[in-house]
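Trainee: Got entry28.tsv for you, TSV, C-alpha atoms:
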```
chain	number	residue	atom	x	y	z
A	1	MET	CA	-60.86	-126.54	-73.74
A	2	ILE	CA	-60.06	-123.53	-71.57
A	3	SER	CA	-58.85	-120.67	-73.75
A	4	VAL	CA	-55.89	-118.64	-72.45
A	5	LEU	CA	-54.49	-115.26	-73.44
A	6	VAL	CA	-50.85	-114.72	-72.38
A	7	VAL	CA	-50.12	-111.08	-71.51
A	8	GLU	CA	-46.38	-110.63	-70.94
A	9	ASP	CA	-44.09	-107.81	-72.11
A	10	ASP	CA	-40.91	-109.93	-72.27
A	11	PRO	CA	-41.05	-111.89	-75.56
A	12	VAL	CA	-38.84	-114.71	-74.25
A	13	ALA	CA	-40.91	-115.14	-71.09
A	14	ALA	CA	-44.13	-114.86	-73.10
A	15	GLU	CA	-43.05	-117.70	-75.37
A	16	ALA	CA	-42.05	-119.82	-72.37
A	17	HIS	CA	-45.45	-119.23	-70.77
A	18	ARG	CA	-47.20	-120.15	-74.03
A	19	MET	CA	-45.25	-123.40	-74.23
A	20	TYR	CA	-45.99	-124.19	-70.59
A	21	VAL	CA	-49.73	-123.68	-71.01
A	22	GLU	CA	-49.84	-125.76	-74.19
A	23	ARG	CA	-48.28	-128.65	-72.28
A	24	VAL	CA	-51.21	-128.84	-69.83
A	25	PRO	CA	-54.15	-130.93	-71.10
A	26	GLY	CA	-57.41	-129.05	-71.39
A	27	PHE	CA	-55.85	-125.64	-72.11
A	28	THR	CA	-55.20	-123.85	-75.38
A	29	VAL	CA	-53.47	-120.52	-75.99
A	30	VAL	CA	-55.54	-118.21	-78.21
A	31	GLY	CA	-53.01	-115.39	-78.27
A	32	VAL	CA	-49.80	-113.88	-76.91
A	33	VAL	CA	-49.64	-110.11	-76.45
A	34	HIS	CA	-47.11	-107.75	-74.90
A	35	SER	CA	-49.15	-104.78	-73.65
A	36	GLY	CA	-52.45	-103.84	-72.06
A	37	ALA	CA	-53.74	-102.21	-75.23
A	38	GLU	CA	-53.01	-105.35	-77.26
A	39	ALA	CA	-54.81	-107.44	-74.65
A	40	LEU	CA	-57.95	-105.28	-74.85
A	41	ARG	CA	-57.98	-105.37	-78.66
A	42	THR	CA	-57.45	-109.12	-78.73
A	43	LEU	CA	-60.23	-109.81	-76.23
A	44	GLU	CA	-62.65	-107.68	-78.26
A	45	ARG	CA	-62.05	-109.96	-81.24
A	46	ARG	CA	-61.84	-113.23	-79.36
A	47	PRO	CA	-62.85	-113.54	-75.71
A	48	ALA	CA	-60.74	-115.85	-73.54
A	49	ASP	CA	-61.61	-117.81	-70.42
A	50	LEU	CA	-58.36	-116.98	-68.66
A	51	LEU	CA	-55.58	-114.39	-68.76
A	52	LEU	CA	-52.04	-115.27	-67.73
A	53	LEU	CA	-51.14	-111.71	-66.80
A	54	ASP	CA	-47.84	-110.02	-65.99
A	55	PHE	CA	-48.39	-106.89	-63.90
A	56	PHE	CA	-45.50	-104.81	-65.24
A	57	LEU	CA	-46.62	-103.93	-68.76
A	58	PRO	CA	-45.13	-101.09	-70.84
A	59	ASP	CA	-48.37	-99.11	-71.13
A	60	CYS	CA	-50.19	-99.88	-67.87
A	61	HIS	CA	-50.08	-101.86	-64.67
A	62	GLY	CA	-51.76	-105.25	-64.75
A	63	LEU	CA	-54.21	-104.16	-62.04
A	64	GLN	CA	-55.31	-101.26	-64.24
A	65	LEU	CA	-55.90	-103.67	-67.09
A	66	CYS	CA	-58.03	-105.87	-64.82
A	67	ARG	CA	-60.18	-102.88	-63.86
A	68	ARG	CA	-60.63	-101.91	-67.53
A	69	LEU	CA	-61.66	-105.45	-68.39
A	70	ARG	CA	-64.28	-105.51	-65.62
A	71	ALA	CA	-65.56	-102.08	-66.66
A	72	ALA	CA	-65.92	-103.38	-70.22
A	73	GLY	CA	-67.95	-106.34	-69.00
A	74	SER	CA	-65.28	-108.99	-69.53
A	75	ARG	CA	-65.73	-112.09	-67.38
A	76	ALA	CA	-62.28	-113.53	-68.11
A	77	ASP	CA	-60.53	-114.91	-65.05
A	78	VAL	CA	-56.98	-113.81	-64.28
A	79	ILE	CA	-53.93	-115.61	-62.99
A	80	ALA	CA	-51.29	-113.04	-62.07
A	81	VAL	CA	-47.77	-114.00	-63.14
A	82	THR	CA	-45.55	-111.36	-61.62
A	83	SER	CA	-42.53	-110.49	-59.51
A	84	ALA	CA	-44.65	-108.05	-57.41
A	85	ARG	CA	-44.42	-109.34	-53.84
A	86	ASP	CA	-45.81	-106.43	-51.82
A	87	LEU	CA	-48.97	-107.35	-49.95
A	88	THR	CA	-50.79	-104.18	-51.02
A	89	THR	CA	-50.63	-105.38	-54.61
A	90	VAL	CA	-51.75	-108.86	-53.54
A	91	ARG	CA	-54.77	-107.41	-51.69
A	92	SER	CA	-55.68	-105.24	-54.67
A	93	ALA	CA	-55.43	-108.26	-56.97
A	94	VAL	CA	-57.77	-110.27	-54.78
A	95	SER	CA	-60.25	-107.38	-54.57
A	96	ILE	CA	-60.68	-107.24	-58.37
A	97	GLY	CA	-61.05	-110.97	-58.82
A	98	VAL	CA	-57.60	-112.34	-59.60
A	99	VAL	CA	-58.10	-116.07	-58.98
A	100	GLN	CA	-54.45	-117.14	-58.62
A	101	TYR	CA	-51.21	-115.29	-57.86
A	102	LEU	CA	-47.97	-116.82	-59.15
A	103	LEU	CA	-44.60	-115.28	-58.27
A	104	LYS	CA	-41.74	-115.24	-60.74
A	105	PRO	CA	-39.55	-117.19	-61.14
A	106	PHE	CA	-41.52	-120.43	-61.18
A	107	THR	CA	-41.20	-123.92	-62.59
A	108	PHE	CA	-43.47	-125.59	-65.10
A	109	ALA	CA	-44.71	-127.90	-62.33
A	110	THR	CA	-45.86	-124.92	-60.26
A	111	LEU	CA	-47.79	-123.36	-63.15
A	112	ARG	CA	-49.27	-126.72	-64.08
A	113	ALA	CA	-50.58	-127.14	-60.53
A	114	LYS	CA	-52.19	-123.67	-60.68
A	115	LEU	CA	-53.81	-124.42	-64.03
A	116	GLU	CA	-55.09	-127.81	-62.93
A	117	ARG	CA	-56.69	-126.28	-59.84
A	118	TYR	CA	-58.22	-123.54	-61.99
A	119	ALA	CA	-59.62	-126.19	-64.35
A	120	GLN	CA	-61.37	-127.85	-61.41
A	121	PHE	CA	-62.80	-124.51	-60.32
A	122	HIS	CA	-63.86	-123.64	-63.89
A	123	ALA	CA	-65.61	-126.97	-64.34
A	124	THR	CA	-67.61	-126.36	-61.16
A	125	VAL	CA	-68.72	-122.77	-61.70
A	126	ALA	CA	-69.13	-122.86	-65.50
A	127	ARG	CA	-72.02	-125.27	-65.47
A	128	PRO	CA	-75.59	-123.86	-65.35
A	129	GLY	CA	-77.78	-124.10	-62.28
A	130	GLU	CA	-77.32	-123.43	-58.60
A	131	ALA	CA	-75.05	-124.84	-55.92
A	132	ALA	CA	-76.70	-127.58	-53.93
A	133	ASP	CA	-75.59	-126.17	-50.58
A	134	GLN	CA	-72.92	-124.20	-48.73
A	135	ASN	CA	-70.53	-127.15	-48.88
A	136	GLU	CA	-70.52	-127.11	-52.68
A	137	VAL	CA	-69.70	-123.40	-52.71
A	138	ASP	CA	-66.94	-123.93	-50.13
A	139	ARG	CA	-65.44	-126.78	-52.15
A	140	ALA	CA	-65.37	-124.68	-55.32
A	141	LEU	CA	-63.55	-121.82	-53.59
A	142	ALA	CA	-61.21	-124.17	-51.73
A	143	THR	CA	-60.08	-125.57	-55.06
A	144	LEU	CA	-58.41	-122.24	-55.77
A	145	ARG	CA	-57.12	-121.47	-52.29
A	146	THR	CA	-55.61	-124.78	-51.22
A	147	ALA	CA	-51.81	-124.77	-51.19
A	148	ASP	CA	-50.59	-126.40	-54.38
A	149	ARG	CA	-46.80	-126.55	-54.14
A	150	PRO	CA	-45.84	-129.61	-56.21
A	151	ALA	CA	-44.01	-132.31	-54.31
A	152	LEU	CA	-40.31	-132.58	-55.07
A	153	PRO	CA	-38.80	-135.95	-55.90
A	154	LYS	CA	-37.74	-138.02	-52.90
A	155	GLY	CA	-34.50	-136.80	-51.38
A	156	MET	CA	-34.76	-133.24	-52.73
A	157	SER	CA	-35.47	-130.20	-50.60
A	158	ALA	CA	-37.08	-126.86	-51.47
A	159	SER	CA	-34.31	-124.89	-49.74
A	160	THR	CA	-31.56	-126.57	-51.77
A	161	LEU	CA	-33.55	-126.10	-54.97
A	162	GLU	CA	-33.89	-122.39	-54.19
A	163	THR	CA	-30.13	-122.14	-53.58
A	164	VAL	CA	-29.28	-123.89	-56.84
A	165	THR	CA	-31.80	-121.78	-58.73
A	166	ALA	CA	-30.42	-118.53	-57.30
A	167	THR	CA	-26.86	-119.62	-58.13
A	168	LEU	CA	-27.78	-120.44	-61.72
A	169	ARG	CA	-29.69	-117.19	-62.17
A	170	SER	CA	-26.72	-115.16	-60.92
A	171	THR	CA	-24.91	-115.35	-64.26
A	172	ASP	CA	-25.85	-115.33	-67.95
A	173	GLU	CA	-22.68	-117.21	-68.89
A	174	GLY	CA	-23.84	-120.55	-67.56
A	175	LEU	CA	-22.28	-122.80	-64.91
A	176	THR	CA	-21.07	-126.38	-64.71
A	177	ALA	CA	-22.38	-128.71	-62.02
A	178	GLY	CA	-19.02	-128.37	-60.28
A	179	ALA	CA	-19.25	-124.58	-60.22
A	180	VAL	CA	-22.80	-124.70	-58.86
A	181	ALA	CA	-21.73	-127.22	-56.23
A	182	ALA	CA	-18.88	-125.00	-55.06
A	183	ALA	CA	-21.07	-121.89	-54.90
A	184	ALA	CA	-23.99	-123.62	-53.17
A	185	GLY	CA	-21.90	-125.67	-50.74
A	186	ILE	CA	-23.19	-129.06	-51.92
A	187	SER	CA	-21.67	-132.05	-53.68
A	188	ARG	CA	-21.26	-132.17	-57.45
A	189	VAL	CA	-23.62	-135.15	-57.67
A	190	THR	CA	-26.30	-133.29	-55.71
A	191	ALA	CA	-25.86	-130.15	-57.80
A	192	ARG	CA	-26.23	-132.11	-61.01
A	193	ARG	CA	-29.43	-133.76	-59.75
A	194	TYR	CA	-31.02	-130.39	-59.01
A	195	LEU	CA	-29.81	-128.92	-62.29
A	196	GLU	CA	-31.28	-131.82	-64.23
A	197	TYR	CA	-34.55	-131.31	-62.35
A	198	LEU	CA	-34.60	-127.68	-63.55
A	199	VAL	CA	-33.83	-128.81	-67.11
A	200	ASP	CA	-36.69	-131.33	-67.01
A	201	GLY	CA	-39.03	-128.57	-65.83
A	202	GLY	CA	-37.98	-126.22	-68.63
A	203	GLN	CA	-36.33	-123.71	-66.28
A	204	ALA	CA	-32.77	-124.44	-67.36
A	205	ALA	CA	-30.98	-125.61	-70.48
A	206	ARG	CA	-27.78	-127.65	-70.79
A	207	THR	CA	-25.17	-127.54	-73.54
A	208	PRO	CA	-21.78	-129.29	-73.84
A	209	GLN	CA	-18.74	-127.13	-73.16
A	210	TYR	CA	-15.88	-128.00	-75.52
A	211	GLY	CA	-12.28	-126.83	-75.67
A	212	GLN	CA	-10.62	-129.04	-73.08
A	213	VAL	CA	-8.98	-132.44	-73.30
A	214	GLY	CA	-11.32	-135.32	-72.53
A	215	ARG	CA	-15.08	-135.42	-72.37
A	216	PRO	CA	-16.84	-132.04	-72.64
A	217	GLU	CA	-18.49	-130.72	-69.50
A	218	LEU	CA	-22.16	-129.80	-69.44
A	219	LEU	CA	-22.91	-126.11	-69.05
A	220	TYR	CA	-26.24	-125.14	-67.47
A	221	ARG	CA	-28.00	-121.84	-68.10
A	222	TRP	CA	-31.20	-120.36	-66.71
A	223	SER	CA	-33.73	-120.48	-69.54
A	224	HIS	CA	-35.45	-117.13	-68.81
```
How would this structure read if it were set down as structure tokens?
Mentor:
Amino acid sequence: MISVLVVEDDPVAAEAHRMYVERVPGFTVVGVVHSGAEALRTLERRPADLLLLDFFLPDCHGLQLCRRLRAAGSRADVIAVTSARDLTTVRSAVSIGVVQYLLKPFTFATLRAKLERYAQFHATVARPGEAADQNEVDRALATLRTADRPALPKGMSASTLETVTATLRSTDEGLTAGAVAAAAGISRVTARRYLEYLVDGGQAARTPQYGQVGRPELLYRWSH
């Protein structure tokens, strides 16, 4: 089992990340912390194979935490889970050994793909001995770097999914499939299909909306 420490300052997001990781076979969460100091203390007591690390922590930047871990001799790998999109931050992350970079918001399927690729990499480099040749080294590194966007179900497009996601995230009150359809410029049936896809992935939740005559409508809310 690959042990994971979740480092995320938002308690709701941290719990969602914990649940996501626990759903992927071969991974176990050994702790959930909300600051850099907590992460350091936890790793002193129980080392982890992998950190799922938000960069915007209340007491330090995630890159600073990575540097402190390396200075302390920690060999834990890091998957950045952050909204930081500037390329300077990305370059800095690569330079200190961040193995994967995952932009918020993301679906469970996207994180699962990252974790599965990391598991392949971990299985290759964790075993004792030497690489047989250059090809084996290249294959190990390619496992991490190959594009891993999960395929959408047939008939669904990434651009429409992004539009539906942005529409749903625009309000905390929740929206019906009809409201999403009107805002996104798509049919109600199409909107509902994409909303149900987000629900299945854990990104959205649906609840019945009562108070009107007839069958209650379903109200969709962004889970994070």
Trainee: Ranking A:Val24, A:Ala71, A:Ala39, A:Val164 by minimum distance to Ala113 (chain A) and counting all atoms listed in the file, which one comes first?
Mentor: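 Between A:Val24, A:Ala71, A:Ala39, A:Val164, the residue approaching Ala113 (chain A) most closely is A:Val24.
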Trainee: Quote the spacing between CA of Ala166 (chain A) and CA of Phe56 (chain A) in Å to one decimal place.
Mentor: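 Pair CA of Ala166 (chain A) / CA of Phe56 (chain A) returns 21.9 Å.
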Trainee: Using the file's own x, y and z axes, so that the box edges lie along x, y and z, what centre and edge lengths in Å (one decimal) does a box around every listed atom of region 95-113 of chain A get when 8 Å is added on each side? Give it as lines of an AutoDock Vina configuration file.
Mentor:
```
center_x = -50.3
center_y = -117.6
center_z = -59.8
size_x = 37.5
size_y = 36.7
size_z = 26.5
```
Trainee: Of the candidates A:Val99, A:Leu219, A:Leu69, A:Val4, which one gets nearest to Tyr118 (chain A) if we count all atoms listed in the file?
Mentor: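 Of A:Val99, A:Leu219, A:Leu69, A:Val4, the one nearest Tyr118 (chain A) is A:Val99, counting all atoms listed in the file.
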Trainee: Excluding same-chain residues fewer than 3 positions from Asp54 (chain A), what lies within 8 Å of it counting all atoms listed in the file, as a compact mmCIF listing (two decimals) with C-alpha atoms, keeping the file's coordinate frame?
Mentor:
```txt
# COMPACT_ATOMS: atom_id res chain seq x y z
CA VAL A 7 -50.12 -111.08 -71.51
CA GLU A 8 -46.38 -110.63 -70.94
CA ASP A 9 -44.09 -107.81 -72.11
CA LEU A 57 -46.62 -103.93 -68.76
CA GLY A 62 -51.76 -105.25 -64.75
CA ALA A 80 -51.29 -113.04 -62.07
CA VAL A 81 -47.77 -114.00 -63.14
CA THR A 82 -45.55 -111.36 -61.62
```
Trainee: Could you tell me how far CA of Arg85 (chain A) lies from CA of Gln203 (chain A), in Å and to one decimal?
Mentor: 20.7 Å
